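Chemist: Enclosed is the structure file run-v8.csv (CSV, C-alpha atoms).
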```csv
chain,number,residue,atom,x,y,z
Q,1,MET,CA,-182.2,43.5,-163.9
Q,2,ALA,CA,-181.9,45.7,-167.0
Q,3,GLU,CA,-180.0,44.3,-170.0
Q,4,THR,CA,-179.9,45.1,-173.7
Q,5,ALA,CA,-180.4,43.2,-177.0
Q,6,GLY,CA,-178.5,40.0,-177.1
Q,7,THR,CA,-178.2,37.8,-180.2
Q,8,GLY,CA,-180.6,37.5,-183.0
Q,9,GLY,CA,-181.6,34.1,-181.6
Q,10,ASP,CA,-182.3,35.8,-178.3
Q,11,ALA,CA,-184.6,38.3,-179.9
Q,12,GLU,CA,-186.6,35.7,-181.8
Q,13,LEU,CA,-187.0,33.5,-178.7
Q,14,LEU,CA,-188.0,36.5,-176.6
Q,15,SER,CA,-190.6,37.5,-179.2
Q,16,LEU,CA,-192.2,34.1,-179.0
Q,17,ILE,CA,-192.1,34.0,-175.2
Q,18,ARG,CA,-193.7,37.4,-175.0
Q,19,ARG,CA,-196.4,36.2,-177.3
Q,20,GLY,CA,-197.1,33.4,-174.8
Q,21,GLU,CA,-195.6,30.5,-176.7
Q,22,PRO,CA,-194.9,27.7,-174.1
Q,23,ALA,CA,-192.6,25.8,-176.6
Q,24,ALA,CA,-190.4,28.9,-176.7
Q,25,PHE,CA,-190.0,29.0,-173.0
Q,26,ALA,CA,-189.3,25.3,-172.9
Q,27,ALA,CA,-186.6,25.8,-175.5
Q,28,LEU,CA,-185.0,28.6,-173.4
Q,29,MET,CA,-185.0,26.2,-170.5
Q,30,ARG,CA,-183.4,23.3,-172.4
Q,31,GLN,CA,-180.7,25.7,-173.6
Q,32,ASN,CA,-179.8,26.9,-170.1
Q,33,ASN,CA,-180.7,24.2,-167.6
Q,34,ARG,CA,-177.3,22.6,-167.4
Q,35,ARG,CA,-175.4,25.8,-167.1
Q,36,LEU,CA,-177.7,27.2,-164.5
Q,37,TYR,CA,-177.7,24.0,-162.5
Q,38,ARG,CA,-173.9,23.8,-162.5
Q,39,LEU,CA,-173.6,27.4,-161.4
Q,40,ALA,CA,-176.2,27.0,-158.6
Q,41,ARG,CA,-174.6,23.7,-157.6
Q,42,SER,CA,-171.2,25.3,-157.3
Q,43,ILE,CA,-172.6,27.8,-154.9
Q,44,VAL,CA,-175.0,25.9,-152.7
Q,45,ARG,CA,-173.3,22.5,-153.1
Q,46,ASP,CA,-176.5,20.6,-152.8
Q,47,GLU,CA,-178.3,18.9,-155.8
Q,48,SER,CA,-181.8,19.3,-154.6
Q,49,GLU,CA,-181.4,23.0,-153.6
Q,50,ALA,CA,-179.6,23.7,-156.9
Q,51,GLU,CA,-182.6,22.4,-158.7
Q,52,ASP,CA,-184.8,24.7,-156.6
Q,53,VAL,CA,-182.5,27.6,-157.5
Q,54,VAL,CA,-182.9,26.9,-161.2
Q,55,GLN,CA,-186.7,26.7,-160.9
Q,56,GLU,CA,-186.8,30.0,-159.0
Q,57,THR,CA,-184.5,31.6,-161.7
Q,58,TYR,CA,-187.0,30.9,-164.4
Q,59,VAL,CA,-190.0,32.1,-162.3
Q,60,ARG,CA,-188.1,35.4,-161.6
Q,61,ALA,CA,-187.0,35.7,-165.2
Q,62,LEU,CA,-190.5,35.4,-166.5
Q,63,ALA,CA,-191.8,37.9,-164.0
Q,64,HIS,CA,-189.1,40.4,-165.0
Q,65,LEU,CA,-189.0,39.7,-168.7
Q,66,GLY,CA,-190.0,43.3,-169.4
Q,67,ASP,CA,-186.8,44.5,-167.8
Q,68,PHE,CA,-184.6,42.6,-170.2
Q,69,ARG,CA,-182.9,45.0,-172.7
Q,70,GLY,CA,-180.2,42.8,-173.9
Q,71,GLU,CA,-176.8,44.3,-173.0
Q,72,ALA,CA,-175.7,40.7,-172.3
Q,73,SER,CA,-177.1,37.5,-173.7
Q,74,LEU,CA,-180.2,35.9,-172.3
Q,75,ALA,CA,-178.0,33.1,-171.0
Q,76,THR,CA,-175.8,35.6,-169.0
Q,77,TRP,CA,-178.9,37.4,-167.7
Q,78,LEU,CA,-180.4,34.1,-166.5
Q,79,ALA,CA,-177.1,33.1,-164.9
Q,80,ARG,CA,-176.9,36.3,-163.0
Q,81,ILE,CA,-180.4,35.8,-161.6
Q,82,ALA,CA,-179.4,32.2,-160.6
Q,83,ALA,CA,-176.2,33.4,-159.0
Q,84,ASN,CA,-178.0,36.0,-157.0
Q,85,GLU,CA,-180.6,33.5,-155.9
Q,86,ALA,CA,-178.0,30.9,-154.9
Q,87,LEU,CA,-175.9,33.4,-153.0
Q,88,GLY,CA,-178.9,34.7,-151.2
Q,89,ARG,CA,-179.8,31.2,-150.1
Q,90,LEU,CA,-176.2,30.6,-149.0
Q,91,ARG,CA,-176.2,33.8,-146.9
Q,92,ARG,CA,-179.5,32.8,-145.3
Q,93,ARG,CA,-178.4,29.4,-144.2
Q,94,ARG,CA,-174.7,30.1,-143.6
Q,95,PRO,CA,-174.9,29.9,-139.7
Q,96,MET,CA,-176.2,26.3,-140.0
Q,97,VAL,CA,-174.0,25.1,-142.8
Q,98,ASP,CA,-170.9,22.9,-142.5
Q,99,LEU,CA,-169.2,23.7,-145.7
Q,100,SER,CA,-166.8,20.7,-145.4
Q,101,GLN,CA,-169.6,18.2,-145.8
Q,102,ALA,CA,-170.7,18.5,-149.4
Q,103,GLU,CA,-170.1,15.9,-152.1
Q,104,ASN,CA,-172.3,14.5,-155.0
Q,105,VAL,CA,-172.3,15.2,-158.7
Q,106,ILE,CA,-171.5,18.2,-160.9
Q,107,ALA,CA,-171.8,16.1,-164.0
Q,108,LEU,CA,-168.3,16.7,-165.4
Q,109,SER,CA,-168.4,13.7,-167.7
Q,110,GLY,CA,-170.6,13.0,-170.6
Q,111,ALA,CA,-171.8,9.7,-172.1
Q,112,GLY,CA,-169.1,7.5,-173.6
Q,113,ASN,CA,-168.7,4.2,-175.4
Q,114,THR,CA,-169.5,0.9,-173.7
Q,115,ILE,CA,-166.8,0.1,-171.2
Q,116,ASN,CA,-166.1,-2.9,-169.0
Q,117,PRO,CA,-167.1,-2.8,-165.3
Q,118,GLU,CA,-163.5,-2.3,-164.1
Q,119,SER,CA,-163.1,0.8,-166.4
Q,120,ALA,CA,-166.5,2.1,-165.4
Q,121,ALA,CA,-165.6,1.8,-161.7
Q,122,ALA,CA,-162.3,3.6,-162.3
Q,123,ARG,CA,-164.0,6.4,-164.2
Q,124,ARG,CA,-166.6,6.8,-161.3
Q,125,GLU,CA,-163.8,6.9,-158.8
Q,126,VAL,CA,-161.8,9.6,-160.8
Q,127,ARG,CA,-165.0,11.6,-161.2
Q,128,ARG,CA,-165.8,11.4,-157.5
Q,129,VAL,CA,-162.3,12.6,-156.6
Q,130,ILE,CA,-162.5,15.6,-159.0
Q,131,GLU,CA,-166.0,16.5,-157.8
Q,132,ARG,CA,-164.9,16.3,-154.1
Q,133,ALA,CA,-161.8,18.4,-154.8
Q,134,VAL,CA,-163.9,21.1,-156.6
Q,135,ASP,CA,-166.5,21.1,-153.8
Q,136,GLU,CA,-163.7,21.7,-151.3
Q,137,LEU,CA,-162.5,24.9,-153.0
Q,138,PRO,CA,-163.3,28.2,-151.3
Q,139,ALA,CA,-166.7,29.4,-152.5
Q,140,ASN,CA,-165.3,32.3,-154.6
Q,141,PHE,CA,-162.7,30.2,-156.3
Q,142,ARG,CA,-165.2,27.3,-156.9
Q,143,THR,CA,-167.7,29.5,-158.7
Q,144,VAL,CA,-165.1,31.1,-160.9
Q,145,PHE,CA,-163.6,27.7,-161.7
Q,146,MET,CA,-167.0,26.3,-162.7
Q,147,LEU,CA,-167.8,29.2,-165.0
Q,148,ARG,CA,-164.4,29.3,-166.6
Q,149,ALA,CA,-163.3,25.7,-166.8
Q,150,VAL,CA,-166.6,23.8,-166.9
Q,151,GLU,CA,-168.9,26.2,-168.7
Q,152,GLN,CA,-166.1,27.7,-170.8
Q,153,MET,CA,-167.3,31.3,-170.2
Q,154,SER,CA,-164.8,34.0,-171.1
Q,155,ILE,CA,-163.1,36.2,-168.5
Q,156,ALA,CA,-165.3,39.1,-169.4
Q,157,GLU,CA,-168.5,37.1,-169.2
Q,158,THR,CA,-167.5,35.7,-165.8
Q,159,ALA,CA,-166.6,39.1,-164.5
Q,160,ALA,CA,-169.9,40.6,-165.7
Q,161,LEU,CA,-171.9,37.7,-164.2
Q,162,LEU,CA,-170.2,37.9,-160.8
Q,163,ALA,CA,-169.8,41.7,-160.7
Q,164,ILE,CA,-166.1,41.5,-160.2
Q,165,SER,CA,-163.1,42.7,-162.2
Q,166,PRO,CA,-161.5,40.7,-164.9
Q,167,GLU,CA,-158.3,40.7,-162.9
Q,168,THR,CA,-160.1,39.2,-159.9
Q,169,VAL,CA,-161.5,36.5,-162.2
Q,170,LYS,CA,-157.9,35.6,-163.4
Q,171,THR,CA,-156.6,35.6,-159.9
Q,172,ARG,CA,-159.3,33.4,-158.5
Q,173,PHE,CA,-159.1,31.0,-161.4
Q,174,HIS,CA,-155.4,30.7,-161.1
Q,175,ARG,CA,-155.6,30.0,-157.4
Q,176,ALA,CA,-158.5,27.5,-157.9
Q,177,ASN,CA,-156.3,25.6,-160.4
Q,178,ARG,CA,-153.4,25.6,-158.0
Q,179,LEU,CA,-155.5,24.3,-155.1
Q,180,LEU,CA,-157.0,21.6,-157.3
Q,181,ARG,CA,-153.6,20.4,-158.5
Q,182,GLN,CA,-152.4,20.1,-154.9
Q,183,ALA,CA,-155.5,18.3,-153.8
Q,184,LEU,CA,-155.6,15.9,-156.8
Q,185,SER,CA,-151.9,15.1,-156.8
Q,186,ALA,CA,-152.2,13.8,-153.2
Q,187,GLU,CA,-155.5,12.0,-153.9
Q,188,PHE,CA,-154.4,10.3,-157.1
Q,189,ALA,CA,-151.1,9.2,-155.6
Q,190,SER,CA,-153.1,6.7,-153.4
Q,191,ILE,CA,-155.5,5.8,-156.2
Q,192,LEU,CA,-152.7,4.9,-158.6
Q,193,ASP,CA,-151.6,2.2,-156.2
Q,194,ASP,CA,-154.8,0.3,-157.2
Q,195,ALA,CA,-154.6,1.3,-160.9
Q,196,PHE,CA,-154.8,-1.3,-163.7
Q,197,PRO,CA,-156.5,-4.0,-161.6
Q,198,PHE,CA,-156.3,-7.6,-162.8
Q,199,ALA,CA,-158.5,-9.7,-160.6
Q,200,GLY,CA,-161.8,-11.5,-160.5
Q,201,ALA,CA,-162.9,-13.2,-163.7
Q,202,ARG,CA,-159.9,-12.0,-165.8
Q,203,CYS,CA,-157.4,-13.3,-163.3
Q,204,ASP,CA,-159.3,-16.7,-163.1
Q,205,ALA,CA,-159.5,-17.0,-166.9
Q,206,LEU,CA,-155.8,-16.3,-167.4
Q,207,THR,CA,-154.9,-18.8,-164.7
Q,208,ALA,CA,-157.1,-21.5,-166.2
Q,209,ARG,CA,-155.6,-20.9,-169.7
Q,210,VAL,CA,-152.0,-21.2,-168.4
Q,211,LEU,CA,-152.7,-24.3,-166.4
Q,212,ALA,CA,-154.4,-25.9,-169.4
Q,213,ARG,CA,-151.5,-25.1,-171.7
Q,214,LEU,CA,-149.0,-26.5,-169.2
Q,215,GLY,CA,-151.1,-29.6,-168.7
Q,216,LEU,CA,-151.8,-28.7,-165.1
Q,217,ALA,CA,-155.6,-28.4,-165.4
Q,218,PRO,CA,-157.7,-30.3,-162.9
Q,219,GLY,CA,-157.9,-34.0,-163.9
Q,220,SER,CA,-154.8,-33.9,-166.1
Q,221,PRO,CA,-151.6,-35.8,-165.4
Q,222,ASN,CA,-149.3,-33.7,-163.4
Q,223,PRO,CA,-146.2,-33.1,-165.4
Q,224,LEU,CA,-144.5,-31.6,-162.4
Q,225,ALA,CA,-144.7,-34.9,-160.6
Q,226,SER,CA,-142.5,-36.6,-163.2
Q,227,ASN,CA,-139.8,-34.0,-163.3
Q,228,PRO,CA,-136.7,-35.0,-161.4
Q,229,LYS,CA,-136.0,-33.0,-158.3
Q,230,PRO,CA,-133.2,-30.4,-158.7
Q,231,LYS,CA,-129.9,-31.5,-157.2
Q,232,GLU,CA,-129.2,-30.0,-153.8
```
Spit out the file's structure as structure tokens when you get a sec.
Modeler:
Amino acid sequence: MAETAGTGGDAELLSLIRRGEPAAFAALMRQNNRRLYRLARSIVRDESEAEDVVQETYVRALAHLGDFRGEASLATWLARIAANEALGRLRRRRPMVDLSQAENVIALSGAGNTINPESAAARREVRRVIERAVDELPANFRTVFMLRAVEQMSIAETAALLAISPETVKTRFHRANRLLRQALSAEFASILDDAFPFAGARCDALTARVLARLGLAPGSPNPLASNPKPKE
């Protein structure tokens, strides 16, 4: 687990942690929780187990803090521990795992402005489709995609973290993108059939306005009844 001196911020944080400052370790966790969770989630494809991986990562990191020398940043060092822990768990449970059955959330979208229920439902559906498509990528492609596209790690950082060559990172990322495009194009073709819904309260309100404007609202004289029938 040996690394060397990362950034100045890393050095300051490490100094505080080594002096036993709980707030410093909490700060380290807040800075890295999301990345570590996403990385673990991309490998084990289970939310609860991904959280366990993150917890174990911090326990191991604290136990081996003396080994950190800083060649990479603290974030990369932690991510490497998390990846090793997640991959180890995957190897141990592989005979019992059906890798076609994972779904759930990778938290691809952040908070947005207030939106109406129909838009919120559409957003959830789109997110669900994307999450499922990512989950169904082959494991090696999925992890590279998460690190490069979601976590915005560089090719060099991804290669160092996964102990593969930069060329392999490029190849896996390209293939992941191609597989996702194929999966999403088929999925969204069916979703678009139901796009831009206009039903429920909105449909009822428009209908009522038009009927009132035409004098066809309930209780009003029916102007259609006084219109002569068209000639045959």
Chemist: Can you tell me, as a PyMOL selection string, which residues sit within 12 Å of (-190.3, 29.1, -170.8) in the file's frame, using all atoms listed in the file?
Modeler: chain Q and resi 13-33+55+57-63+65+78
Chemist: Identify, on the basis of all atoms listed in the file, every residue whose closest approach to Thr171 in chain Q does not exceed 12 Å; exclude the query and any residue fewer than 3 positions from it along the same chain; express the result as a ChimeraX atom specification.
Modeler: /Q:140-141,144-145,155,159,164-168,174-178
Chemist: Rank nothing, just name the residue among Q:Ala40, Q:Ala183, Q:Met153, Q:Leu74 nearest to Glu12 in chain Q, using only C-alpha atoms.
Modeler: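 Ranking Q:Ala40, Q:Ala183, Q:Met153, Q:Leu74 by distance to Glu12 in chain Q, first place goes to Q:Leu74.
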Chemist: One number please: CA of Glu136 in chain Q to CA of Glu157 in chain Q, in Å, one decimal.
Modeler: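 These two atoms are separated by 24.1 Å.
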Chemist: Restricting the calculation to all atoms listed in the file, which member of Q:Ala79, Q:Arg35, Q:Cys203, Q:Ala212 is positioned closest to Gln152 in chain Q?
Modeler: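 Smallest distance to Gln152 in chain Q is found for Q:Arg35.
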Chemist: Do a neighbour search on range 86-92 of chain Q at 7 Å with all atoms listed in the file, toss out local chain neighbours closer than 5 positions, and write the hits as a PyMOL selection string.
Modeler: chain Q and resi 40+43-44+53
Chemist: CA of Thr76 in chain Q and CA of Leu180 in chain Q are how many Å apart?
Modeler: 26.2 Å
Chemist: Quote the spacing between CA of Ala139 in chain Q and CA of Glu51 in chain Q in Å to one decimal place.
Modeler: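 Spanning CA of Ala139 in chain Q to CA of Glu51 in chain Q is a straight-line distance of 18.4 Å.
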Chemist: For Val54 in chain Q, which residue out of Q:Ile81, Q:Ala11, Q:Ile130, Q:Leu214 is the nearest one, using all atoms listed in the file?
Modeler: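 The shortest atom-to-atom distance to Val54 in chain Q comes from Q:Ile81.
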